[in-house]
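Shown next: final18.txt, containing compact mmCIF, C-alpha atoms and all ligand atoms.
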```txt
# COMPACT_ATOMS: atom_id res chain seq x y z
CA MET A 1 -14.84 -15.24 -22.77
CA LYS A 2 -12.55 -14.67 -19.80
CA PRO A 3 -12.78 -16.37 -16.42
CA MET A 4 -13.61 -14.60 -13.19
CA GLY A 5 -12.49 -15.16 -9.61
CA PRO A 6 -14.42 -17.29 -7.12
CA ILE A 7 -17.59 -15.98 -5.45
CA PRO A 8 -16.89 -16.00 -1.68
CA PRO A 9 -18.14 -19.12 0.13
CA ASP A 10 -20.71 -17.05 2.05
CA TYR A 11 -22.65 -16.40 -1.19
CA ALA A 12 -21.60 -19.11 -3.66
CA GLY A 13 -24.46 -21.39 -4.63
CA GLN A 14 -27.26 -19.00 -3.62
CA ASP A 15 -30.11 -18.67 -6.11
CA ARG A 16 -30.33 -14.98 -5.30
CA LEU A 17 -27.79 -13.05 -3.29
CA THR A 18 -28.95 -12.95 0.31
CA ILE A 19 -27.34 -10.87 3.04
CA ALA A 20 -28.77 -10.92 6.55
CA GLY A 21 -31.92 -12.54 5.19
CA HIS A 22 -32.61 -9.97 2.47
CA ASP A 23 -31.89 -9.68 -1.23
CA ALA A 24 -29.85 -7.06 -3.06
CA GLU A 25 -32.80 -4.84 -4.05
CA TYR A 26 -33.76 -4.63 -0.37
CA TRP A 27 -30.26 -3.46 0.55
CA VAL A 28 -30.19 -0.91 -2.27
CA GLU A 29 -33.43 0.48 -0.88
CA GLN A 30 -31.92 0.61 2.61
CA ALA A 31 -28.80 2.34 1.30
CA GLY A 32 -30.94 4.84 -0.62
CA SER A 33 -29.68 4.17 -4.15
CA THR A 34 -27.11 2.48 -6.29
CA PRO A 35 -24.16 2.37 -6.41
CA CYS A 36 -23.69 1.09 -2.88
CA PHE A 37 -21.50 -1.11 -0.76
CA VAL A 38 -23.15 -3.66 1.49
CA TYR A 39 -20.98 -5.02 4.30
CA ASP A 40 -22.13 -8.29 5.81
CA MET A 41 -21.43 -8.14 9.54
CA ALA A 42 -22.28 -11.81 10.05
CA ALA A 43 -19.65 -12.79 7.49
CA MET A 44 -17.06 -10.71 9.35
CA GLU A 45 -18.06 -12.26 12.66
CA ARG A 46 -17.52 -15.71 11.13
CA ARG A 47 -13.99 -14.68 10.05
CA VAL A 48 -13.08 -13.38 13.50
CA ALA A 49 -14.47 -16.49 15.21
CA ARG A 50 -12.64 -18.81 12.83
CA LEU A 51 -9.37 -16.94 13.32
CA ARG A 52 -9.69 -16.97 17.09
CA ALA A 53 -10.38 -20.68 17.09
CA ALA A 54 -7.33 -21.27 14.87
CA LEU A 55 -4.83 -19.07 16.72
CA PRO A 56 -3.15 -19.92 20.02
CA ASP A 57 -5.05 -18.32 22.93
CA ARG A 58 -2.23 -15.94 23.71
CA VAL A 59 -2.25 -14.38 20.24
CA GLY A 60 -4.68 -11.49 19.92
CA VAL A 61 -6.45 -10.29 16.81
CA HIS A 62 -6.13 -6.71 15.60
CA PHE A 63 -8.08 -5.08 12.80
CA ALA A 64 -6.15 -2.75 10.46
CA ILE A 65 -8.85 -0.20 9.77
CA LYS A 66 -7.42 1.17 6.54
CA ALA A 67 -8.90 -1.91 4.87
CA ASN A 68 -12.36 -0.54 5.66
CA PRO A 69 -12.80 2.60 7.77
CA TYR A 70 -16.61 2.84 7.38
CA PRO A 71 -17.41 4.12 10.91
CA PRO A 72 -20.25 1.70 11.80
CA LEU A 73 -18.08 -1.19 10.60
CA VAL A 74 -15.10 -0.02 12.66
CA SER A 75 -17.21 0.22 15.79
CA ALA A 76 -18.74 -3.21 15.19
CA MET A 77 -15.33 -4.76 14.54
CA ALA A 78 -13.85 -3.01 17.59
CA ALA A 79 -16.20 -5.02 19.77
CA LEU A 80 -14.88 -8.27 18.27
CA VAL A 81 -11.11 -7.71 18.22
CA ASP A 82 -8.39 -6.97 20.76
CA GLY A 83 -6.90 -3.98 19.03
CA LEU A 84 -7.23 -1.53 16.17
CA ASP A 85 -4.28 -0.58 13.98
CA VAL A 86 -4.44 2.83 12.39
CA ALA A 87 -2.30 4.62 9.85
CA SER A 88 -3.23 8.31 10.15
CA GLY A 89 -4.47 10.85 12.66
CA GLY A 90 -7.91 10.63 11.06
CA GLU A 91 -8.07 6.86 11.50
CA MET A 92 -6.82 7.26 15.07
CA ALA A 93 -9.63 9.69 15.91
CA LEU A 94 -12.11 7.21 14.44
CA ALA A 95 -10.60 4.28 16.36
CA LEU A 96 -10.67 6.24 19.64
CA ARG A 97 -14.47 6.42 19.34
CA SER A 98 -14.56 2.63 19.84
CA LYS A 99 -11.43 1.61 21.76
CA PRO A 100 -9.26 3.04 24.54
CA GLY A 101 -5.86 4.36 23.42
CA GLY A 102 -4.15 1.38 25.04
CA GLU A 103 -5.75 -0.92 22.46
CA ILE A 104 -4.77 1.17 19.44
CA SER A 105 -1.48 1.28 17.58
CA PHE A 106 -0.50 3.84 15.00
CA ALA A 107 1.87 2.94 12.15
CA GLY A 108 2.81 4.76 8.98
CA PRO A 109 5.70 6.88 7.78
CA GLY A 110 5.37 10.64 7.91
CA LYS A 111 3.47 11.17 11.14
CA ARG A 112 3.03 14.88 11.85
CA ASP A 113 3.98 16.33 15.25
CA ALA A 114 0.29 17.00 15.91
CA GLU A 115 -0.48 13.33 15.23
CA LEU A 116 2.33 12.18 17.52
CA GLU A 117 1.06 14.49 20.23
CA ALA A 118 -2.54 13.33 19.89
CA ALA A 119 -1.40 9.70 20.09
CA ILE A 120 0.75 10.32 23.17
CA ARG A 121 -2.05 12.21 24.92
CA SER A 122 -4.46 9.34 24.23
CA GLY A 123 -2.06 6.56 25.24
CA VAL A 124 -1.97 5.15 21.71
CA THR A 125 1.11 3.05 20.91
CA LEU A 126 3.22 4.61 18.17
CA ASN A 127 4.80 2.09 15.84
CA LEU A 128 7.95 4.06 15.09
CA GLU A 129 9.07 4.10 11.50
CA SER A 130 12.47 5.76 11.99
CA ALA A 131 15.00 7.03 14.53
CA GLY A 132 13.98 10.59 13.68
CA GLU A 133 10.38 9.86 14.50
CA ALA A 134 11.49 8.33 17.81
CA GLU A 135 13.31 11.58 18.69
CA ARG A 136 10.26 13.70 17.90
CA ALA A 137 7.97 11.42 19.93
CA LEU A 138 10.35 11.40 22.91
CA ALA A 139 10.63 15.20 22.81
CA ILE A 140 6.85 15.63 22.68
CA GLY A 141 6.47 13.15 25.55
CA GLU A 142 8.95 15.17 27.62
CA GLN A 143 7.09 18.40 26.92
CA LEU A 144 3.81 16.80 27.94
CA GLY A 145 5.34 15.05 30.95
CA VAL A 146 4.06 11.71 29.66
CA ALA A 147 6.12 8.60 28.86
CA PRO A 148 5.09 7.90 25.27
CA ARG A 149 4.13 4.34 24.35
CA LEU A 150 6.62 3.45 21.66
CA ALA A 151 6.97 0.24 19.68
CA VAL A 152 9.66 -0.10 17.06
CA ARG A 153 8.49 -1.16 13.65
CA VAL A 154 11.20 -3.37 12.24
CA ASN A 155 12.15 -3.50 8.58
CA PRO A 156 12.94 -7.22 8.61
CA ASP A 157 15.80 -8.67 6.64
CA PHE A 158 13.33 -11.03 4.92
CA GLU A 159 10.13 -10.59 2.92
CA LEU A 160 6.80 -12.40 2.89
CA ARG A 161 7.17 -14.76 -0.05
CA GLY A 162 4.29 -14.76 -2.50
CA SER A 163 2.75 -11.56 -1.18
CA GLY A 164 1.20 -8.99 -3.50
CA MET A 165 2.84 -6.10 -1.69
CA LYS A 166 6.30 -6.73 -0.31
CA MET A 167 7.38 -4.84 2.76
CA GLY A 168 10.63 -6.35 3.94
CA GLY A 169 14.04 -7.55 2.86
CA ARG A 170 14.91 -4.31 1.09
CA ALA A 171 15.31 -0.57 1.48
CA SER A 172 12.01 0.69 2.83
CA PRO A 173 10.19 3.81 3.99
CA PHE A 174 8.57 1.50 6.60
CA GLY A 175 10.24 0.54 9.84
CA VAL A 176 13.78 0.70 11.17
CA ASP A 177 16.36 -1.60 9.59
CA ALA A 178 16.73 -4.63 11.83
CA ALA A 179 20.45 -3.97 12.45
CA GLU A 180 19.69 -0.56 13.97
CA VAL A 181 16.81 -1.65 16.17
CA PRO A 182 18.65 -2.79 19.34
CA ALA A 183 20.42 0.57 19.73
CA LEU A 184 17.15 2.41 19.20
CA VAL A 185 15.40 0.31 21.85
CA ARG A 186 18.17 1.05 24.35
CA HIS A 187 17.90 4.75 23.51
CA ILE A 188 14.11 4.77 24.04
CA LEU A 189 14.51 3.06 27.41
CA ALA A 190 17.32 5.43 28.44
CA ARG A 191 15.14 8.43 27.60
CA GLY A 192 12.27 7.13 29.72
CA GLY A 193 9.99 6.04 26.87
CA ASP A 194 7.43 3.32 27.58
CA TRP A 195 8.83 0.76 25.16
CA ARG A 196 6.02 -1.47 23.92
CA GLY A 197 8.00 -3.95 21.84
CA PHE A 198 8.11 -4.67 18.14
CA HIS A 199 5.89 -4.38 15.12
CA ILE A 200 6.95 -6.53 12.19
CA PHE A 201 4.82 -6.50 9.04
CA ALA A 202 6.39 -8.32 6.11
CA GLY A 203 3.79 -8.08 3.33
CA SER A 204 0.17 -8.18 2.24
CA GLN A 205 -2.24 -10.35 0.20
CA SER A 206 -0.32 -13.63 0.45
CA LEU A 207 -2.20 -16.82 -0.44
CA ASP A 208 0.82 -19.00 0.28
CA THR A 209 0.07 -20.72 3.60
CA GLN A 210 3.56 -22.18 3.91
CA ALA A 211 5.18 -18.80 3.26
CA ILE A 212 3.03 -17.18 5.97
CA ILE A 213 4.02 -19.94 8.41
CA GLU A 214 7.71 -19.46 7.63
CA THR A 215 7.40 -15.68 7.87
CA GLN A 216 5.72 -15.88 11.27
CA ALA A 217 8.44 -18.21 12.57
CA ALA A 218 11.12 -15.88 11.19
CA THR A 219 9.32 -12.89 12.73
CA LEU A 220 9.26 -14.54 16.12
CA ALA A 221 12.94 -15.45 15.88
CA LEU A 222 13.80 -11.91 14.82
CA ALA A 223 11.88 -10.41 17.75
CA GLU A 224 13.69 -12.79 20.09
CA ARG A 225 17.12 -11.91 18.68
CA LEU A 226 16.50 -8.15 18.65
CA GLY A 227 15.25 -8.27 22.24
CA GLU A 228 18.39 -10.12 23.32
CA GLU A 229 20.64 -7.67 21.50
CA ALA A 230 18.80 -4.77 23.11
CA GLY A 231 19.05 -6.45 26.51
CA ALA A 232 15.29 -6.12 27.08
CA THR A 233 12.26 -8.38 26.73
CA PRO A 234 9.68 -6.94 24.35
CA PRO A 235 6.38 -6.45 26.21
CA PHE A 236 4.52 -7.04 22.96
CA VAL A 237 5.17 -8.39 19.48
CA ASN A 238 2.81 -7.49 16.67
CA LEU A 239 3.46 -10.30 14.20
CA GLY A 240 1.87 -8.57 11.22
CA GLY A 241 -0.53 -10.40 8.98
CA GLY A 242 -0.63 -10.46 5.25
CA PHE A 243 -3.29 -13.17 4.89
CA GLY A 244 -4.76 -12.84 1.42
CA ILE A 245 -8.16 -13.70 -0.03
CA PRO A 246 -8.86 -15.32 -3.40
CA TYR A 247 -9.72 -12.66 -5.99
CA PHE A 248 -8.91 -14.34 -9.28
CA PRO A 249 -9.36 -17.60 -11.17
CA GLY A 250 -7.13 -20.28 -9.66
CA ASP A 251 -6.61 -18.43 -6.35
CA THR A 252 -7.06 -20.63 -3.30
CA PRO A 253 -7.72 -19.47 0.27
CA VAL A 254 -5.09 -19.53 3.02
CA ASP A 255 -5.34 -22.30 5.59
CA VAL A 256 -5.66 -20.32 8.82
CA GLU A 257 -5.97 -23.49 10.90
CA ALA A 258 -2.54 -24.65 9.65
CA ILE A 259 -1.12 -21.17 10.30
CA GLY A 260 -2.51 -21.14 13.85
CA ALA A 261 -1.19 -24.62 14.61
CA ALA A 262 2.28 -23.76 13.32
CA LEU A 263 2.33 -20.50 15.26
CA GLY A 264 1.42 -22.43 18.40
CA GLU A 265 4.38 -24.76 17.83
CA ALA A 266 6.73 -21.84 17.14
CA LEU A 267 5.60 -20.11 20.35
CA ASP A 268 6.08 -23.29 22.37
CA VAL A 269 9.81 -23.24 21.61
CA SER A 270 10.27 -19.46 21.69
CA SER A 271 12.05 -18.03 24.72
CA LEU A 272 9.69 -15.04 24.51
CA ALA A 273 6.72 -17.23 25.28
CA ASN A 274 8.10 -17.95 28.76
CA ARG A 275 8.34 -14.28 29.58
CA LYS A 276 5.58 -11.73 29.68
CA THR A 277 5.45 -10.95 26.00
CA GLY A 278 2.01 -10.48 24.41
CA PHE A 279 1.35 -11.23 20.77
CA ALA A 280 -1.10 -10.25 18.07
CA VAL A 281 -1.67 -10.57 14.38
CA GLU A 282 -3.04 -7.57 12.50
CA LEU A 283 -5.32 -8.19 9.57
CA GLY A 284 -7.41 -6.00 7.33
CA ARG A 285 -8.32 -7.65 4.08
CA TRP A 286 -8.80 -11.22 5.37
CA LEU A 287 -11.31 -10.10 8.00
CA VAL A 288 -13.50 -7.88 5.84
CA GLY A 289 -12.67 -8.23 2.14
CA GLU A 290 -14.98 -11.12 1.31
CA ALA A 291 -17.79 -9.63 3.40
CA GLY A 292 -18.43 -6.65 1.11
CA VAL A 293 -20.46 -6.50 -2.09
CA TYR A 294 -20.60 -3.52 -4.43
CA LEU A 295 -24.02 -3.16 -6.05
CA THR A 296 -24.46 -1.12 -9.19
CA ARG A 297 -27.33 -0.82 -11.66
CA ILE A 298 -27.17 -1.27 -15.42
CA LEU A 299 -27.95 1.99 -17.24
CA ASP A 300 -27.32 0.92 -20.80
CA ARG A 301 -26.69 -2.11 -22.90
CA LYS A 302 -24.86 -1.64 -26.16
CA VAL A 303 -23.06 -3.64 -28.78
CA SER A 304 -19.93 -2.29 -30.40
CA GLN A 305 -18.08 -4.25 -33.07
CA GLY A 306 -19.55 -7.46 -31.77
CA GLU A 307 -18.76 -6.88 -28.08
CA THR A 308 -21.65 -6.40 -25.64
CA PHE A 309 -21.20 -3.74 -22.99
CA LEU A 310 -23.28 -3.36 -19.86
CA VAL A 311 -22.81 0.23 -18.72
CA VAL A 312 -23.43 0.66 -15.00
CA ASP A 313 -23.94 3.61 -12.66
CA GLY A 314 -20.86 2.71 -10.61
CA GLY A 315 -17.24 2.44 -11.58
CA LEU A 316 -13.59 2.60 -10.67
CA HIS A 317 -14.20 5.78 -8.66
CA HIS A 318 -15.63 3.46 -5.97
CA GLN A 319 -14.05 0.11 -6.70
CA LEU A 320 -10.69 0.86 -8.28
CA ALA A 321 -9.27 -2.55 -7.50
CA ALA A 322 -11.91 -4.37 -9.57
CA SER A 323 -10.82 -2.35 -12.59
CA GLY A 324 -7.30 -3.73 -12.20
CA ASN A 325 -5.74 -0.37 -11.43
CA PHE A 326 -4.82 -0.85 -7.75
CA GLY A 327 -1.56 -2.73 -7.38
CA THR A 328 -2.03 -5.37 -10.07
CA VAL A 329 0.11 -5.82 -13.16
CA VAL A 330 -2.25 -7.90 -15.29
CA ARG A 331 -5.97 -7.05 -15.38
CA ARG A 332 -8.06 -10.04 -14.24
CA ASN A 333 -11.72 -10.35 -13.38
CA TYR A 334 -13.14 -10.11 -9.90
CA PRO A 335 -16.19 -12.34 -9.38
CA VAL A 336 -19.39 -10.63 -10.58
CA ALA A 337 -23.01 -11.80 -10.76
CA LEU A 338 -26.57 -10.69 -11.32
CA PRO A 339 -27.54 -10.73 -7.63
CA MET A 340 -31.27 -11.21 -8.24
CA ARG A 341 -30.64 -14.19 -10.55
CA MET A 342 -27.51 -15.93 -9.31
CA ASP A 343 -28.89 -19.29 -10.41
CA ALA A 344 -29.71 -18.28 -14.00
CA VAL A 345 -27.66 -19.81 -16.77
CA ALA A 346 -24.78 -17.70 -18.08
CA GLU A 347 -25.62 -17.36 -21.72
CA GLU A 348 -23.55 -14.47 -23.06
CA ALA A 349 -20.15 -12.83 -22.77
CA VAL A 350 -20.34 -9.21 -21.68
CA SER A 351 -18.03 -6.49 -20.46
CA VAL A 352 -19.26 -4.49 -17.49
CA VAL A 353 -18.03 -0.91 -17.75
CA GLY A 354 -18.45 1.95 -15.33
CA CYS A 355 -19.86 5.39 -16.05
CA LEU A 356 -16.51 7.20 -16.05
CA CYS A 357 -15.28 8.66 -19.31
CA THR A 358 -12.05 6.64 -19.37
CA PRO A 359 -11.26 3.25 -20.91
CA LEU A 360 -9.72 2.26 -17.55
CA ASP A 361 -13.24 1.98 -16.14
CA ARG A 362 -13.86 -1.66 -16.95
CA LEU A 363 -15.21 -3.66 -13.99
CA ALA A 364 -15.47 -7.01 -15.76
CA ASP A 365 -13.92 -8.00 -19.06
CA LYS A 366 -15.80 -10.44 -21.34
CA VAL A 367 -17.32 -12.49 -18.53
CA ALA A 368 -20.14 -15.01 -18.88
CA LEU A 369 -23.41 -13.75 -17.37
CA PRO A 370 -27.11 -14.46 -17.78
CA LYS A 371 -28.71 -12.01 -20.21
CA ALA A 372 -29.10 -8.68 -18.39
CA GLN A 373 -30.98 -5.49 -19.23
CA PRO A 374 -30.92 -1.87 -18.11
CA GLY A 375 -32.44 -1.72 -14.63
CA ASP A 376 -30.86 -5.00 -13.49
CA LEU A 377 -28.37 -4.98 -10.64
CA ILE A 378 -24.78 -6.18 -10.95
CA ALA A 379 -22.92 -7.39 -7.85
CA ILE A 380 -19.15 -7.15 -7.67
CA PHE A 381 -17.83 -9.30 -4.86
CA LEU A 382 -14.71 -8.87 -2.69
CA ALA A 383 -15.56 -5.24 -2.10
CA GLY A 384 -15.18 -5.25 1.68
CA ALA A 385 -11.53 -4.17 1.77
CA TYR A 386 -9.70 -1.37 -0.06
CA GLY A 387 -12.91 -0.36 -1.84
CA LEU A 388 -14.46 3.07 -1.48
CA THR A 389 -11.67 4.74 0.46
CA ALA A 390 -8.97 3.26 -1.78
CA SER A 391 -10.64 4.62 -4.92
CA PRO A 392 -10.51 8.09 -6.50
CA SER A 393 -14.09 8.97 -5.59
CA ALA A 394 -13.79 12.62 -6.64
CA PHE A 395 -12.63 11.66 -10.13
CA LEU A 396 -15.19 12.84 -12.70
CA GLY A 397 -17.58 14.16 -10.10
CA HIS A 398 -20.13 11.36 -9.95
CA GLY A 399 -20.08 11.47 -6.17
CA PRO A 400 -19.50 8.84 -3.51
CA ALA A 401 -21.23 5.49 -3.16
CA ARG A 402 -23.64 4.74 -0.33
CA GLU A 403 -22.56 2.21 2.29
CA CYS A 404 -24.59 0.04 4.59
CA LEU A 405 -23.95 -2.55 7.23
CA PRO A 406 -26.67 -5.19 7.50
CA ARG A 407 -27.24 -6.36 11.06
CA ALA A 408 -26.83 -2.92 12.53
CA ALA A 409 -28.81 -1.66 9.48
CA GLU A 410 -27.03 1.68 9.68
CA THR A 411 -26.67 3.65 6.47
CA THR A 412 -24.99 6.80 5.32
C1 LIG B 501 -2.17 -2.27 5.51
C2 LIG B 501 -1.61 -2.83 6.73
C3 LIG B 501 -2.19 -3.94 7.32
C4 LIG B 501 -3.36 -4.67 6.75
O1 LIG B 501 -2.98 -5.41 5.63
P1 LIG B 501 -4.02 -6.44 4.99
O2 LIG B 501 -3.29 -6.96 3.80
O3 LIG B 501 -5.24 -5.66 4.64
O4 LIG B 501 -4.31 -7.48 5.99
C5 LIG B 501 -1.64 -4.40 8.49
N1 LIG B 501 -0.58 -3.79 9.05
C6 LIG B 501 0.01 -2.71 8.51
C7 LIG B 501 1.16 -2.09 9.17
C8 LIG B 501 -0.48 -2.19 7.34
O5 LIG B 501 0.11 -1.13 6.80
```
Translate the structure described by the file into structure tokens.
Amino acid sequence: MKPMGPIPPDYAGQDRLTIAGHDAEYWVEQAGSTPCFVYDMAAMERRVARLRAALPDRVGVHFAIKANPYPPLVSAMAALVDGLDVASGGEMALALRSKPGGEISFAGPGKRDAELEAAIRSGVTLNLESAGEAERALAIGEQLGVAPRLAVRVNPDFELRGSGMKMGGRASPFGVDAAEVPALVRHILARGGDWRGFHIFAGSQSLDTQAIIETQAATLALAERLGEEAGATPPFVNLGGGFGIPYFPGDTPVDVEAIGAALGEALDVSSLANRKTGFAVELGRWLVGEAGVYLTRILDRKVSQGETFLVVDGGLHHQLAASGNFGTVVRRNYPVALPMRMDAVAEEAVSVVGCLCTPLDRLADKVALPKAQPGDLIAIFLAGAYGLTASPSAFLGHGPARECLPRAAETT
């Protein structure tokens, strides 16, 4: 038997999984079939409200839509947050359906000229990833007769300690090395660009509250120093995010109240806070990850050499991360349950495997579950971020999963 991660607090302790007042079979019916993702809008609203209460008033909340670009979810989140952060022309077009360009920022290396042009035409802020990209954006702005909104993404000289994905303190395709930033800012201003400040994102999926606090303080200090060296006050500083969620046994949640309090103290002593600099954090996973459940139905139950397998109609083509093949070194179990019988006693060890013809497609490895039969549903939690769109959904041709968003009750 192997342990599994914690069921999110929104659903732990329920006798049957209930989302927006209805059980899992109801949501499968709404979605049309299994496998499907159910995104719990009320759970996301609770996250946004908690974060806003924790953060200083002057720090806005942005949603990084690559965590979950399901269109109804993006439009619902857009109404709750101050900005949307996008990472492609496709995401930008989606974001522009719900927010004005002035509330959207576009990061990511390798932006095409057509993407730069579309952003500049829409007044989207470009988070510049290199000096070369700055030149292209300035040239396109001159052609269009528009001052492009340009923020400089900084490759900081530190990293977010304890984060699953490190994005600072080393050679990087992301951002401009801190030492080169002041000259680039002066150049943008000299060329008539509308300089929007800095974007500093030091890592992702950190559960280390103290490390996040230190990183935010270091980020603020770096923005202050780079502004001084450039001889200009940044109009805006995007402080990044990186707040993780507990996926695995022993993981504990981040303390956002402690982070907010510490950020308030850091801002109180920052020289930027006395000027007209705006601030935001940008989060994807923390806002939506725990609010998604992947529902899949058992097709077969078999025993091989003493191990019981529950074969389901979903798999890693929708929920790659749960199979341990998305950025993890050691395969560990996401929380799973029988959603119609959450309160039943776990009486056997089973492996839940997907329908793909590859041994990689293992969604739960030797976990304890109540006895389940073909026809029963399996719920895999923590499916709200980096699920469907971060999985190889064309692999093996089973087709995409359905998605639905209880509250709005929209389905695709
Ligand atoms: C992916 C990404 C995010 C969101 O990261 P999470 O870990 O999902 O919060 C935020 N900002 C940038 C620049 C990103 O690339």
Nearest residue to ligand LIG 501 (chain B) from the set A:Glu265, A:Asp194, A:Glu129, A:Asp85 (distances using only C-alpha atoms and all ligand atoms): A:Asp85
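Identified as lying at most 8 Å from ligand LIG 501 (chain B) when counting all atoms listed in the file are the residues Phe63, Ala64, Ile65, Lys66, Ala67, Asp85, Ala87, Ala107, Gly108, His199, Ile200, Phe201, Gly203, Ser204, Gln205, Gly240, Gly241, Gly242, Phe243, Gly244, Glu282, Leu283, Gly284, Arg285, Trp286, Leu287, Ala385 and Tyr386 of chain A.
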Grab the residues selected above and save them as a compact mmCIF listing (two decimals), in the frame of the given file with C-alpha atoms.
```txt
# COMPACT_ATOMS: atom_id res chain seq x y z
CA PHE A 63 -8.08 -5.08 12.80
CA ALA A 64 -6.15 -2.75 10.46
CA ILE A 65 -8.85 -0.20 9.77
CA LYS A 66 -7.42 1.17 6.54
CA ALA A 67 -8.90 -1.91 4.87
CA ASP A 85 -4.28 -0.58 13.98
CA ALA A 87 -2.30 4.62 9.85
CA ALA A 107 1.87 2.94 12.15
CA GLY A 108 2.81 4.76 8.98
CA HIS A 199 5.89 -4.38 15.12
CA ILE A 200 6.95 -6.53 12.19
CA PHE A 201 4.82 -6.50 9.04
CA GLY A 203 3.79 -8.08 3.33
CA SER A 204 0.17 -8.18 2.24
CA GLN A 205 -2.24 -10.35 0.20
CA GLY A 240 1.87 -8.57 11.22
CA GLY A 241 -0.53 -10.40 8.98
CA GLY A 242 -0.63 -10.46 5.25
CA PHE A 243 -3.29 -13.17 4.89
CA GLY A 244 -4.76 -12.84 1.42
CA GLU A 282 -3.04 -7.57 12.50
CA LEU A 283 -5.32 -8.19 9.57
CA GLY A 284 -7.41 -6.00 7.33
CA ARG A 285 -8.32 -7.65 4.08
CA TRP A 286 -8.80 -11.22 5.37
CA LEU A 287 -11.31 -10.10 8.00
CA ALA A 385 -11.53 -4.17 1.77
CA TYR A 386 -9.70 -1.37 -0.06
```
Residue with smallest distance to Gly89 in chain A - pool A:Ile120, A:Met340, A:Val28, A:Val59, counting only C-alpha atoms: A:Ile120
Near-Arg149 in chain A list (9 Å; all atoms listed in the file; drop same-chain fewer than 5 positions) as number ranges by chain: A: 102, 119-120, 123-127, 193-196
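Taking CA of Arg46 in chain A as the reference point, CA of Met77 in chain A is found at 11.7 Å.
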List every residue of range 90-173 of chain A that has an atom at most 12 Å from any atom of range 180-187 of chain A, and for each one report the closest atom pair and its distance in Å to one decimal, counting only C-alpha atoms, with rows sorted by chain and then by increasing residue number, as CSV.
```
residue,atom,partner,partner_atom,distance
A:Leu128,CA,A:Leu184,CA,10.2
A:Glu129,CA,A:Val181,CA,10.7
A:Ser130,CA,A:Leu184,CA,9.2
A:Ala131,CA,A:Leu184,CA,6.9
A:Gly132,CA,A:Leu184,CA,10.4
A:Glu133,CA,A:Leu184,CA,11.1
A:Ala134,CA,A:Leu184,CA,8.3
A:Glu135,CA,A:His187,CA,9.5
A:Leu138,CA,A:His187,CA,10.1
A:Leu150,CA,A:Val185,CA,9.3
A:Ala151,CA,A:Val185,CA,8.7
A:Val152,CA,A:Val181,CA,7.4
A:Arg153,CA,A:Val181,CA,8.7
A:Val154,CA,A:Val181,CA,7.1
A:Asn155,CA,A:Val181,CA,9.1
A:Pro156,CA,A:Val181,CA,10.2
A:Asp157,CA,A:Glu180,CA,11.6
```
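Ranking A:Leu316, A:Ala24, A:Ile378, A:Leu73 by their shortest atom-to-atom distance to Ala390 in chain A, with all atoms listed in the file included, puts A:Leu316 first.
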Might you pull out every residue within 8 Å of Glu224 in chain A, with all atoms listed in the file counted and same-chain residues fewer than 2 positions away left off, and present them as a PDB file with C-alpha atoms, in the frame of the given file?
```
ATOM      1  CA  LEU A 220       9.260 -14.540  16.120  1.00  0.00           C
ATOM      2  CA  ALA A 221      12.940 -15.450  15.880  1.00  0.00           C
ATOM      3  CA  LEU A 222      13.800 -11.910  14.820  1.00  0.00           C
ATOM      4  CA  LEU A 226      16.500  -8.150  18.650  1.00  0.00           C
ATOM      5  CA  GLY A 227      15.250  -8.270  22.240  1.00  0.00           C
ATOM      6  CA  GLU A 228      18.390 -10.120  23.320  1.00  0.00           C
ATOM      7  CA  SER A 270      10.270 -19.460  21.690  1.00  0.00           C
ATOM      8  CA  SER A 271      12.050 -18.030  24.720  1.00  0.00           C
ATOM      9  CA  LEU A 272       9.690 -15.040  24.510  1.00  0.00           C
TER      10      LEU A 272
END
```
Shortest interatomic distance to Pro69 in chain A - which of A:Ala349, A:Ala95, A:Ile259, A:Glu45, counting all atoms listed in the file: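 Looking only at the distances to Pro69 in chain A, the closest residue turns out to be A:Ala95.
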Option closest in space to Leu84 in chain A, from A:Ala171, A:Val352, A:Ala346, A:Ala280 [counting only C-alpha atoms]: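 The closest residue to Leu84 in chain A is A:Ala280.
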Any chance you could export range 232-238 of chain A with N, CA and C atoms, as a tab-separated table (two decimals), in the first residue's frame?
```tsv
chain	number	residue	atom	x	y	z
A	232	ALA	N	14.63	55.76	-13.16
A	232	ALA	CA	13.19	55.88	-13.42
A	232	ALA	C	12.41	55.03	-12.40
A	233	THR	N	11.26	55.56	-11.99
A	233	THR	CA	10.43	54.79	-11.06
A	233	THR	C	9.54	53.83	-11.84
A	234	PRO	N	9.58	52.54	-11.51
A	234	PRO	CA	8.70	51.62	-12.25
A	234	PRO	C	7.23	51.92	-11.96
A	235	PRO	N	6.42	52.09	-13.01
A	235	PRO	CA	4.99	52.33	-12.77
A	235	PRO	C	4.32	51.13	-12.12
A	236	PHE	N	4.88	49.94	-12.38
A	236	PHE	CA	4.22	48.73	-11.91
A	236	PHE	C	5.28	47.67	-11.63
A	237	VAL	N	5.05	46.88	-10.59
A	237	VAL	CA	5.93	45.73	-10.34
A	237	VAL	C	5.05	44.49	-10.17
A	238	ASN	N	5.22	43.56	-11.09
A	238	ASN	CA	4.55	42.27	-10.98
A	238	ASN	C	5.49	41.35	-10.19
```
